[in-house]
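Dumped protein.cif below, it's mmCIF, C-alpha atoms:
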data_structure
loop_
_atom_site.label_atom_id
_atom_site.label_comp_id
_atom_site.auth_asym_id
_atom_site.auth_seq_id
_atom_site.Cartn_x
_atom_site.Cartn_y
_atom_site.Cartn_z
CA MET A 29 138.43 96.38 104.01
CA SER A 30 138.72 99.66 105.88
CA ALA A 31 140.82 99.75 109.05
CA THR A 32 138.28 102.16 110.58
CA PRO A 33 134.93 100.49 111.32
CA VAL A 34 131.82 102.62 110.90
CA TYR A 35 128.63 101.80 112.75
CA LEU A 36 124.96 102.52 112.13
CA ASN A 37 124.16 103.23 115.77
CA GLN A 38 120.51 104.19 115.50
CA LEU A 39 117.70 104.26 112.91
CA GLY A 40 114.67 106.50 112.49
CA ILE A 41 112.27 105.37 109.78
CA VAL A 42 108.86 106.22 108.33
CA CYS A 43 107.38 104.63 105.20
CA ALA A 44 104.24 102.92 103.96
CA LEU A 45 104.89 100.11 106.48
CA GLY A 46 104.57 102.44 109.45
CA VAL A 47 106.39 104.86 111.71
CA GLY A 48 109.32 103.71 113.83
CA GLN A 49 111.29 100.52 114.13
CA GLN A 50 108.59 98.47 115.85
CA GLN A 51 105.77 99.19 113.40
CA VAL A 52 107.95 98.84 110.34
CA ALA A 53 109.55 95.57 111.48
CA ALA A 54 106.18 94.02 112.33
CA ALA A 55 104.75 94.87 108.90
CA LEU A 56 107.95 93.93 107.06
CA PHE A 57 108.13 90.40 108.46
CA ALA A 58 104.38 89.71 108.45
CA ASP A 59 103.60 86.55 106.50
CA ASP A 60 99.81 86.75 106.39
CA ALA A 61 99.61 89.26 103.52
CA PRO A 62 101.65 92.08 102.02
CA HIS A 63 101.28 95.34 103.94
CA GLY A 64 102.12 98.91 103.01
CA VAL A 65 101.33 99.66 99.36
CA ALA A 66 97.62 100.30 98.76
CA SER A 67 95.38 101.67 96.03
CA THR A 68 94.49 105.38 96.26
CA ASP A 69 93.67 108.36 94.07
CA ARG A 70 94.85 110.82 96.72
CA PHE A 71 97.63 112.16 94.51
CA THR A 72 95.97 111.49 91.15
CA PRO A 73 92.25 112.33 91.54
CA GLY A 74 90.05 110.05 89.49
CA ARG A 75 92.91 107.64 88.76
CA ALA A 76 93.51 105.08 91.52
CA LEU A 77 97.05 103.69 91.71
CA ALA A 78 98.90 101.39 94.06
CA LEU A 79 101.20 103.71 96.02
CA GLY A 80 103.46 103.43 99.05
CA ALA A 81 101.92 106.38 100.89
CA VAL A 82 102.59 107.36 104.49
CA ASN A 83 99.18 107.55 106.12
CA ALA A 84 100.25 108.80 109.55
CA ALA A 85 99.59 112.45 110.38
CA LEU A 86 102.62 114.55 109.47
CA PRO A 87 103.82 117.50 111.58
CA ALA A 88 102.80 120.89 110.20
CA LEU A 89 106.20 122.58 110.77
CA HIS A 90 104.46 125.95 111.29
CA ASP A 91 107.17 127.03 113.73
CA LEU A 92 109.85 126.82 111.05
CA PRO A 93 110.81 129.37 108.39
CA LEU A 94 108.65 128.99 105.30
CA PRO A 95 111.51 127.71 103.07
CA LEU A 96 111.87 124.67 105.38
CA ARG A 97 108.19 123.69 105.35
CA SER A 98 107.43 120.81 103.01
CA ARG A 99 106.01 117.30 103.07
CA ASN A 100 109.52 116.03 102.41
CA ASN A 101 110.85 117.77 105.51
CA ALA A 102 107.86 116.65 107.58
CA LEU A 103 108.83 113.06 106.77
CA LEU A 104 112.41 113.84 107.79
CA HIS A 105 111.11 115.39 111.02
CA MET A 106 109.36 112.11 111.89
CA ALA A 107 112.51 110.09 111.25
CA LEU A 108 114.80 112.55 113.05
CA ALA A 109 112.62 112.62 116.17
CA GLN A 110 113.26 108.89 116.62
CA ILE A 111 117.05 109.34 116.82
CA GLN A 112 117.25 112.81 118.37
CA PRO A 113 118.24 111.54 121.86
CA GLN A 114 121.27 109.80 120.34
CA VAL A 115 122.04 112.88 118.23
CA ASP A 116 121.88 115.05 121.36
CA ALA A 117 124.33 112.72 123.07
CA ALA A 118 126.72 112.89 120.11
CA ILE A 119 126.55 116.69 120.09
CA ALA A 120 127.19 116.80 123.85
CA ASN A 121 130.12 114.40 123.47
CA HIS A 122 131.82 115.78 120.36
CA GLY A 123 130.45 119.31 119.93
CA PRO A 124 127.95 120.46 117.27
CA THR A 125 130.62 121.26 114.64
CA ARG A 126 131.78 117.63 114.72
CA VAL A 127 128.33 116.28 113.78
CA ALA A 128 127.65 116.30 110.01
CA VAL A 129 124.52 115.83 107.89
CA VAL A 130 124.22 114.06 104.52
CA VAL A 131 120.74 113.56 103.03
CA GLY A 132 119.62 112.07 99.73
CA THR A 133 116.47 113.14 97.88
CA SER A 134 115.02 113.49 94.41
CA THR A 135 111.80 115.45 94.98
CA SER A 136 112.82 117.75 97.84
CA GLY A 137 109.86 120.19 98.05
CA ILE A 138 108.67 120.03 94.44
CA GLY A 139 105.26 118.97 95.75
CA GLU A 140 104.79 122.37 97.34
CA ALA A 141 105.44 124.06 94.00
CA GLU A 142 102.95 121.72 92.39
CA LEU A 143 100.26 122.69 94.91
CA ALA A 144 101.02 126.39 94.55
CA MET A 145 101.05 126.49 90.75
CA PRO A 146 97.24 126.66 90.19
CA ALA A 147 97.03 129.82 92.36
CA ARG A 148 99.97 131.32 90.49
CA LEU A 149 98.33 130.64 87.13
CA ALA A 150 94.93 131.90 88.28
CA GLY A 151 96.05 135.06 90.04
CA ASN A 152 99.51 135.88 88.68
CA ALA A 153 100.99 135.58 92.18
CA TRP A 154 102.32 132.78 94.34
CA PRO A 155 100.17 131.93 97.39
CA PRO A 156 101.49 133.08 100.79
CA GLY A 157 102.26 129.50 101.91
CA PHE A 158 104.80 128.92 99.15
CA HIS A 159 108.45 129.88 98.92
CA TYR A 160 110.62 128.87 95.95
CA ALA A 161 113.36 127.63 98.32
CA GLN A 162 111.07 124.82 99.49
CA GLN A 163 111.87 122.95 96.30
CA GLU A 164 115.64 123.46 96.37
CA ILE A 165 117.62 120.22 96.53
CA GLY A 166 119.60 121.58 99.48
CA ALA A 167 116.49 122.09 101.61
CA PRO A 168 116.47 118.62 103.29
CA SER A 169 120.00 118.86 104.66
CA ARG A 170 119.39 122.45 105.80
CA PHE A 171 116.28 121.26 107.59
CA VAL A 172 117.99 118.33 109.34
CA ALA A 173 120.91 120.51 110.40
CA ALA A 174 118.58 123.21 111.74
CA GLU A 175 116.33 120.77 113.61
CA SER A 176 119.03 118.45 114.97
CA GLY A 177 121.52 121.03 116.21
CA ALA A 178 124.31 119.58 114.05
CA ARG A 179 126.68 122.28 112.83
CA GLY A 180 129.25 120.27 110.90
CA PRO A 181 129.36 119.85 107.11
CA ALA A 182 125.86 119.44 105.64
CA TRP A 183 124.82 118.68 102.08
CA THR A 184 122.21 116.94 99.97
CA LEU A 185 122.86 114.32 97.31
CA SER A 186 120.49 113.90 94.37
CA THR A 187 121.42 111.02 92.08
CA ALA A 188 117.88 109.70 91.55
CA CYS A 189 117.23 106.29 93.14
CA SER A 190 120.77 105.84 94.51
CA SER A 191 120.74 109.18 96.38
CA SER A 192 120.36 108.06 99.97
CA ALA A 193 122.46 104.91 99.60
CA LYS A 194 125.25 107.20 98.40
CA ALA A 195 124.54 109.51 101.35
CA LEU A 196 125.44 106.65 103.70
CA ALA A 197 128.63 105.97 101.75
CA SER A 198 129.51 109.68 101.97
CA ALA A 199 128.88 109.63 105.72
CA ALA A 200 131.29 106.73 106.12
CA ARG A 201 133.97 108.67 104.24
CA LEU A 202 133.48 111.70 106.50
CA LEU A 203 134.04 109.54 109.57
CA ARG A 204 137.03 107.68 108.16
CA ALA A 205 138.64 110.93 107.05
CA GLY A 206 138.27 112.36 110.56
CA ILE A 207 136.20 115.29 109.30
CA ALA A 208 133.30 114.36 111.59
CA ASP A 209 132.79 112.22 114.68
CA ALA A 210 129.10 111.57 114.00
CA VAL A 211 126.93 111.88 110.91
CA ILE A 212 123.17 112.03 110.51
CA ALA A 213 122.64 110.40 107.12
CA GLY A 214 119.81 108.97 105.07
CA GLY A 215 117.14 110.30 102.77
CA ALA A 216 113.59 111.39 102.14
CA ASP A 217 111.18 111.70 99.25
CA ALA A 218 107.52 112.68 99.24
CA LEU A 219 104.73 111.57 96.95
CA CYS A 220 103.38 114.12 94.52
CA ALA A 221 101.62 114.10 91.16
CA PHE A 222 104.77 115.42 89.49
CA THR A 223 106.76 112.20 90.00
CA ILE A 224 103.78 109.89 89.56
CA ASN A 225 102.86 111.49 86.23
CA GLY A 226 106.49 111.57 85.16
CA PHE A 227 106.93 107.84 85.62
CA SER A 228 103.51 107.29 84.06
CA ALA A 229 104.74 109.12 80.97
CA LEU A 230 107.59 106.59 80.81
CA GLU A 231 104.94 103.82 80.90
CA ALA A 232 106.69 102.51 84.01
CA VAL A 233 103.86 102.63 86.60
CA SER A 234 101.79 99.62 87.63
CA VAL A 235 98.17 100.22 88.61
CA ALA A 236 98.27 97.21 90.96
CA ARG A 237 100.86 96.19 93.55
CA CYS A 238 104.15 95.73 91.71
CA ASN A 239 105.32 92.23 90.82
CA PRO A 240 109.14 92.11 90.76
CA PHE A 241 110.92 89.39 88.77
CA SER A 242 107.63 87.90 87.56
CA ARG A 243 106.96 87.14 83.94
CA ASN A 244 103.90 89.36 84.46
CA ARG A 245 105.74 92.38 85.90
CA ASN A 246 104.66 95.66 84.35
CA GLY A 247 106.05 98.56 86.35
CA ILE A 248 106.66 100.25 89.66
CA ASN A 249 104.62 101.61 92.54
CA ILE A 250 105.84 105.06 93.60
CA GLY A 251 106.34 105.41 97.35
CA GLU A 252 107.50 107.91 99.93
CA GLY A 253 109.17 108.03 103.30
CA ALA A 254 112.33 108.88 105.17
CA ALA A 255 115.09 107.02 106.96
CA LEU A 256 117.89 108.59 108.98
CA PHE A 257 120.80 106.88 110.70
CA LEU A 258 123.27 108.12 113.25
CA LEU A 259 126.67 106.89 112.11
CA THR A 260 129.78 106.98 114.32
CA ARG A 261 133.01 105.09 114.92
CA THR A 262 131.60 103.90 118.26
CA PRO A 263 130.54 100.22 118.17
CA GLY A 264 126.83 99.73 117.72
CA PRO A 265 124.31 97.07 116.70
CA VAL A 266 125.07 97.20 112.95
CA ARG A 267 128.26 97.95 111.07
CA LEU A 268 128.42 99.57 107.63
CA ALA A 269 130.89 96.96 106.47
CA GLY A 270 131.28 97.90 102.81
CA CYS A 271 130.15 100.44 100.22
CA GLY A 272 130.38 100.22 96.46
CA GLU A 273 129.53 102.91 93.89
CA SER A 274 129.77 103.09 90.12
CA ALA A 275 128.49 105.16 87.22
CA ASP A 276 128.02 103.40 83.90
CA ALA A 277 126.09 106.22 82.12
CA HIS A 278 124.58 103.67 79.74
CA HIS A 279 121.32 105.57 79.21
CA MET A 280 119.33 108.40 80.78
CA SER A 281 116.65 106.05 82.13
CA ALA A 282 117.46 102.46 81.09
CA PRO A 283 120.05 100.30 82.86
CA ASP A 284 123.01 98.70 81.10
CA PRO A 285 121.42 95.39 80.04
CA GLN A 286 124.59 93.50 80.94
CA GLY A 287 124.60 95.00 84.43
CA ARG A 288 128.25 96.01 84.32
CA GLY A 289 127.84 99.06 86.54
CA ALA A 290 125.65 97.17 89.00
CA ILE A 291 128.16 94.32 89.15
CA ALA A 292 131.00 96.78 89.80
CA ALA A 293 129.15 98.42 92.71
CA MET A 294 128.11 95.11 94.26
CA ALA A 295 131.57 93.60 93.91
CA ALA A 296 133.21 96.69 95.43
CA ALA A 297 130.90 96.65 98.46
CA ILE A 298 131.57 92.96 99.06
CA ALA A 299 135.33 93.41 98.65
CA ARG A 300 135.43 96.39 101.01
CA ALA A 301 133.52 94.35 103.58
CA GLY A 302 136.37 91.84 103.41
CA ILE A 303 134.08 88.88 102.78
CA ALA A 304 133.36 86.43 100.01
CA ALA A 305 130.07 86.79 98.15
CA ASP A 306 128.77 83.55 99.62
CA ALA A 307 129.15 85.02 103.12
CA LEU A 308 126.09 87.19 102.43
CA ASP A 309 123.03 85.90 104.26
CA TYR A 310 120.50 88.07 102.43
CA VAL A 311 120.32 90.65 99.63
CA ASN A 312 117.70 93.39 99.41
CA LEU A 313 117.19 93.77 95.66
CA HIS A 314 116.51 97.03 93.88
CA GLY A 315 113.67 95.04 92.31
CA THR A 316 111.54 97.75 90.71
CA ALA A 317 109.36 95.30 88.71
CA THR A 318 110.14 97.03 85.42
CA PRO A 319 111.10 94.70 82.56
CA LEU A 320 114.57 96.19 82.03
CA ASN A 321 115.66 96.64 85.66
CA ASP A 322 114.72 93.14 86.79
CA ALA A 323 116.37 91.58 83.75
CA MET A 324 119.59 93.49 84.42
CA GLU A 325 119.57 92.87 88.16
CA SER A 326 119.03 89.14 87.86
CA LEU A 327 122.08 88.94 85.58
CA ALA A 328 124.12 91.06 88.00
CA MET A 329 123.06 88.93 90.95
CA ARG A 330 123.96 85.70 89.20
CA ALA A 331 127.37 87.10 88.17
CA THR A 332 128.22 88.52 91.60
CA VAL A 333 126.63 86.34 94.30
CA GLY A 334 125.21 83.37 92.41
CA ASP A 335 121.74 81.91 92.89
CA ARG A 336 121.95 80.55 96.44
CA VAL A 337 121.81 83.76 98.50
CA PRO A 338 118.28 84.50 99.75
CA CYS A 339 117.00 87.76 98.30
CA SER A 340 113.86 89.81 97.94
CA SER A 341 112.52 93.10 96.69
CA THR A 342 110.64 95.01 99.38
CA LYS A 343 109.17 97.53 96.94
CA PRO A 344 105.78 95.70 96.86
CA LEU A 345 105.60 96.80 100.53
CA THR A 346 107.12 100.29 100.56
CA GLY A 347 106.74 101.31 96.94
CA HIS A 348 109.74 102.81 95.18
CA ALA A 349 110.62 105.79 97.35
CA LEU A 350 113.02 107.14 94.70
CA GLY A 351 115.74 109.22 96.42
CA ALA A 352 114.77 107.77 99.81
CA ALA A 353 114.73 104.15 98.64
CA GLY A 354 118.38 103.41 99.40
CA ALA A 355 118.12 104.60 103.01
CA ILE A 356 114.71 103.02 103.64
CA GLU A 357 115.87 99.67 102.29
CA ALA A 358 119.12 99.91 104.25
CA GLY A 359 116.83 100.55 107.21
CA LEU A 360 114.95 97.33 106.49
CA CYS A 361 118.30 95.53 106.38
CA TRP A 362 119.24 97.19 109.71
CA LEU A 363 116.03 95.87 111.23
CA THR A 364 116.78 92.42 109.82
CA LEU A 365 120.10 92.41 111.69
CA ALA A 366 119.25 94.40 114.84
CA ARG A 367 115.58 93.75 115.66
CA ASN A 368 115.08 90.21 114.50
CA PRO A 369 115.74 87.53 117.15
CA GLN A 370 113.71 85.02 115.14
CA GLN A 371 116.09 85.40 112.17
CA ARG A 372 113.25 86.18 109.77
CA LEU A 373 114.02 87.21 106.21
CA PRO A 374 112.16 90.04 104.43
CA PRO A 375 109.68 88.28 102.13
CA HIS A 376 109.38 88.66 98.38
CA TRP A 377 105.72 89.25 97.55
CA TRP A 378 104.84 88.39 93.93
CA ASP A 379 102.55 86.15 91.91
CA GLY A 380 105.10 83.31 91.81
CA VAL A 381 105.21 83.19 88.02
CA ALA A 382 108.92 83.07 87.19
CA ASP A 383 110.20 84.68 84.01
CA PRO A 384 112.01 81.94 82.05
CA ALA A 385 114.11 84.63 80.35
CA LEU A 386 115.74 85.62 83.67
CA PRO A 387 118.36 83.74 85.69
CA ALA A 388 116.63 82.16 88.68
CA LEU A 389 117.17 83.76 92.09
CA ASP A 390 116.52 82.41 95.59
CA LEU A 391 113.49 84.62 96.29
CA VAL A 392 112.37 84.60 99.92
CA ALA A 393 108.91 83.12 100.55
CA PRO A 394 106.79 84.73 103.31
CA GLY A 395 107.57 83.25 106.72
CA ARG A 396 111.05 82.02 105.78
CA ARG A 397 113.79 82.24 108.38
CA ALA A 398 117.55 82.02 108.10
CA THR A 399 119.05 78.66 109.01
CA ALA A 400 121.93 80.31 110.91
CA PRO A 401 122.46 83.65 112.68
CA LEU A 402 122.45 86.52 110.20
CA ARG A 403 125.89 88.09 109.82
CA TYR A 404 125.97 90.09 106.57
CA VAL A 405 123.24 91.52 104.35
CA MET A 406 123.48 93.71 101.25
CA SER A 407 121.19 96.42 99.89
CA GLN A 408 121.55 97.69 96.34
CA SER A 409 120.23 100.71 94.44
CA PHE A 410 120.43 101.31 90.69
CA ALA A 411 119.41 104.74 89.43
CA PHE A 412 118.64 106.62 86.25
CA GLY A 413 121.78 107.68 84.43
CA GLY A 414 123.62 104.54 85.54
CA SER A 415 124.31 105.70 89.10
CA ASN A 416 124.75 102.52 91.14
CA ALA A 417 125.31 101.90 94.86
CA ALA A 418 125.54 98.84 97.08
CA LEU A 419 125.87 98.65 100.86
CA VAL A 420 126.96 95.66 102.93
CA LEU A 421 125.75 95.75 106.53
CA GLY A 422 127.17 93.44 109.17
CA GLN A 423 126.42 92.51 112.74
CA GLY A 424 128.09 95.03 115.03
#
Written form, structure tokens:
Amino acid sequence: MSATPVYLNQLGIVCALGVGQQQVAAALFADDAPHGVASTDRFTPGRALALGAVNAALPALHDLPLPLRSRNNALLHMALAQIQPQVDAAIANHGPTRVAVVVGTSTSGIGEAELAMPARLAGNAWPPGFHYAQQEIGAPSRFVAAESGARGPAWTLSTACSSSAKALASAARLLRAGIADAVIAGGADALCAFTINGFSALEAVSVARCNPFSRNRNGINIGEGAALFLLTRTPGPVRLAGCGESADAHHMSAPDPQGRGAIAAMAAAIARAGIAADALDYVNLHGTATPLNDAMESLAMRATVGDRVPCSSTKPLTGHALGAAGAIEAGLCWLTLARNPQQRLPPHWWDGVADPALPALDLVAPGRRATAPLRYVMSQSFAFGGSNAALVLGQG
């Protein structure tokens, strides 16, 4: 356990469940029906898919340099605006060079290149609204630094679906090393046909709402969104109690079937939090609803925390937001600890048909509440290439 506590002082979030803490929490804990993910052909004309799309109007960013204009950065803008007052206070208190930025993404601005490509092919020139730098992986952190006023270290992580979970772990290291006094950290990814078609080519996309850990599961729903935290050493509502990372490199896209890398990341996060596994009150599962991931994760859960810790996958609500998933799901855990006086647990929406080949887990039914005050929750992210991350959040 680290001698230097790190706190998640504030959260800005936008995803398929809504914009801001209040909207997202209300939709997350609703027990009448699953919210968020819905069928649309907006990104795949003529082919309707269940997607976790953000339906709120996004800012146009016309006042920014062209390389910083993208749907990805518009999502970040919406999340950043929610925490900007706290960021301003941190800059005033510590100075801009002591406030860092770490952002995770996988798409960055590739959607802008996708939209521009037909004009390029038809006329042998890129359209005036496109700049190649929009799609650079470094664009999100440059955008957040430029918009927030932070002038400390700034970089982007891109390790597929663990990107933004690892961004939070990196932020904690910056604070504990004394390199920064505050860090804006999280992630963003935007829907585009490029990623949807890519996962479709892997035969990993479900046409209907995804069905994690069911015998009938058949793939993911792609989602989008952004979540940004302000992390400091100043006590706040939620503490980043432990982080665990591993890289098993089992396969380019398939997880290690024995879950060894996942187990290592989960165990490290729990150990660094200084708690026993049975002290966890809830686990947010990676839960993609693909046959291989759910099989691996159920084994890893049984080996690390057993079968008595309440858990759920929230991807039937948000979709799989790829590089943003770790931060968004950490955000849902933050809401579970910080904006949840009724001690509700994020529900697991599925068809209820258990897979007899998988170890049983204590999946949270809609409307379920914790029997005691929530103290520790864990969020886990398992990415292509065997990049694994787990975060333990605790009451501040």
Return as lines of an AutoDock Vina configuration file the box centre and box size in Å, one decimal, for an axis-aligned box around all listed atoms of segment 373-389 of chain A padded by 5 Å per side.
center_x = 110.5
center_y = 86.0
center_z = 93.3
size_x = 25.8
size_y = 18.1
size_z = 35.9
Which residues, named as in the file, does the PyMOL selection byres ((chain A and resi 225-232) around 10) pick out? Answer as a PyMOL selection string.
chain A and resi 71-72+220-224+233-235+246-250+281+316-319
As an exercise, work out the distance from atom CA of Arg403 of chain A to atom CA of Ala388 of chain A in Å and give it to one decimal place.
23.8 Å
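Going from atom CA of Gln286 of chain A over to atom CA of Gly422 of chain A, you cover 28.3 Å.
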Which residue is closest to Ala78 of chain A? Choose from A:Cys238, A:Ala352, A:Leu365, A:Ala147 and count all atoms listed in the file.
A:Cys238
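Near Trp377 of chain A, within 10 Å and counting only C-alpha atoms, sit Asp59, Ala61, Pro62, His63, Arg237, Cys238, Asn239, Pro240, Ser340, Ser341, Thr342, Lys343, Pro344, Leu345, Leu391, Val392, Ala393 and Pro394 of chain A, not including residues fewer than 5 positions from it in the same chain.
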Interatomic distance between atom CA of Gly251 of chain A and atom CA of Leu219 of chain A?
6.4 Å
On this structure, which residues satisfy the PyMOL selection byres ((chain A and resi 160-165) around 6), written as number ranges by chain?
A: 95-96, 136-138, 159, 166-167
As a check of understanding, name the residues that the PyMOL selection byres ((chain A and resi 406) around 10) selects in the supplied structure, as a PyMOL selection string.
chain A and resi 268-271+294+297-298+308-313+339+357-358+361+404-405+407-408+418-422
Hey, can you spit out that residue selection with C-alpha atoms as a PDB file, in the coordinates of the input?
ATOM      1  CA  LEU A 268     128.420  99.570 107.630  1.00  0.00           C
ATOM      2  CA  ALA A 269     130.890  96.960 106.470  1.00  0.00           C
ATOM      3  CA  GLY A 270     131.280  97.900 102.810  1.00  0.00           C
ATOM      4  CA  CYS A 271     130.150 100.440 100.220  1.00  0.00           C
ATOM      5  CA  MET A 294     128.110  95.110  94.260  1.00  0.00           C
ATOM      6  CA  ALA A 297     130.900  96.650  98.460  1.00  0.00           C
ATOM      7  CA  ILE A 298     131.570  92.960  99.060  1.00  0.00           C
ATOM      8  CA  LEU A 308     126.090  87.190 102.430  1.00  0.00           C
ATOM      9  CA  ASP A 309     123.030  85.900 104.260  1.00  0.00           C
ATOM     10  CA  TYR A 310     120.500  88.070 102.430  1.00  0.00           C
ATOM     11  CA  VAL A 311     120.320  90.650  99.630  1.00  0.00           C
ATOM     12  CA  ASN A 312     117.700  93.390  99.410  1.00  0.00           C
ATOM     13  CA  LEU A 313     117.190  93.770  95.660  1.00  0.00           C
ATOM     14  CA  CYS A 339     117.000  87.760  98.300  1.00  0.00           C
ATOM     15  CA  GLU A 357     115.870  99.670 102.290  1.00  0.00           C
ATOM     16  CA  ALA A 358     119.120  99.910 104.250  1.00  0.00           C
ATOM     17  CA  CYS A 361     118.300  95.530 106.380  1.00  0.00           C
ATOM     18  CA  TYR A 404     125.970  90.090 106.570  1.00  0.00           C
ATOM     19  CA  VAL A 405     123.240  91.520 104.350  1.00  0.00           C
ATOM     20  CA  SER A 407     121.190  96.420  99.890  1.00  0.00           C
ATOM     21  CA  GLN A 408     121.550  97.690  96.340  1.00  0.00           C
ATOM     22  CA  ALA A 418     125.540  98.840  97.080  1.00  0.00           C
ATOM     23  CA  LEU A 419     125.870  98.650 100.860  1.00  0.00           C
ATOM     24  CA  VAL A 420     126.960  95.660 102.930  1.00  0.00           C
ATOM     25  CA  LEU A 421     125.750  95.750 106.530  1.00  0.00           C
ATOM     26  CA  GLY A 422     127.170  93.440 109.170  1.00  0.00           C
TER      27      GLY A 422
END
Min atom-atom distance to Leu86 of chain A from the set A:Gly413, A:Pro113, A:Gly253, A:Pro369, counting only C-alpha atoms, belongs to A:Gly253
List the neighbours of segment 40-56 of chain A out to 6 Å using only C-alpha atoms; skip same-chain residues closer than 3 positions along the sequence, and give me the result as a PyMOL selection string.
chain A and resi 64+80-82+107+110-111+253-256+346
Could you give me, as an MDAnalysis selection string, the residues that sit within 10 Å of (112.1, 81.7, 108.0) in the file's coordinates, counting all atoms listed in the file?
chainID A and resid 57 59 370:375 392:399
Which protein, DNA or RNA residues have an atom at most 12 Å from (127.0, 103.7, 89.8), counting all atoms listed in the file? List them as a VMD selection string.
chain A and resid 187 to 191 193 to 194 271 to 278 283 to 284 287 to 297 408 to 418
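With distances restricted to all atoms listed in the file, A:Ser98 is the closest residue to Gly157 of chain A from A:Asn321, A:Ser98, A:Asn121, A:Gln423.
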Skipping near chain neighbours, those fewer than 4 positions away, what residues fall within 9 Å of Leu108 of chain A using all atoms listed in the file, listed as a ChimeraX atom specification?
/A:39-41,103-104,112,115,172,175-176,212,255-257
I want to know what sits within 6 Å of Thr260 of chain A, based on only C-alpha atoms, with residues of the same chain fewer than 5 positions away left out; could you give that as a list in words?
Val34, Tyr35 and Ala210 of chain A
Nearest-residue call for Ala213 of chain A, choices A:Ala118, A:Val131, A:Ala153, A:Ala85, using only C-alpha atoms
A:Val131
Please produce segment 276-289 of chain A, completed to N, CA and C atoms, as a compact mmCIF listing (two decimals), in the frame of the given file.
# COMPACT_ATOMS: atom_id res chain seq x y z
N ASP A 276 127.79 103.96 85.23
CA ASP A 276 128.02 103.40 83.90
C ASP A 276 127.51 104.30 82.78
N ALA A 277 126.59 105.24 83.10
CA ALA A 277 126.09 106.22 82.12
C ALA A 277 125.65 105.55 80.82
N HIS A 278 125.02 104.37 80.95
CA HIS A 278 124.58 103.67 79.74
C HIS A 278 123.46 104.41 79.03
N HIS A 279 122.51 104.96 79.80
CA HIS A 279 121.32 105.57 79.21
C HIS A 279 120.69 106.47 80.26
N MET A 280 119.93 107.47 79.83
CA MET A 280 119.33 108.40 80.78
C MET A 280 118.37 107.69 81.73
N SER A 281 117.61 106.70 81.25
CA SER A 281 116.65 106.05 82.13
C SER A 281 116.73 104.53 82.13
N ALA A 282 117.38 103.92 81.16
CA ALA A 282 117.46 102.46 81.09
C ALA A 282 118.80 101.96 81.63
N PRO A 283 118.79 100.83 82.34
CA PRO A 283 120.05 100.30 82.86
C PRO A 283 120.86 99.61 81.76
N ASP A 284 122.15 99.51 81.98
CA ASP A 284 123.01 98.70 81.10
C ASP A 284 122.48 97.27 81.13
N PRO A 285 122.04 96.71 80.02
CA PRO A 285 121.42 95.39 80.04
C PRO A 285 122.34 94.29 80.54
N GLN A 286 123.65 94.50 80.44
CA GLN A 286 124.59 93.50 80.94
C GLN A 286 124.90 93.69 82.43
N GLY A 287 124.43 94.78 83.00
CA GLY A 287 124.60 95.00 84.43
C GLY A 287 126.02 95.30 84.87
N ARG A 288 126.84 95.83 83.97
CA ARG A 288 128.25 96.01 84.32
C ARG A 288 128.45 97.00 85.46
N GLY A 289 127.71 98.11 85.45
CA GLY A 289 127.84 99.06 86.54
C GLY A 289 127.31 98.50 87.85
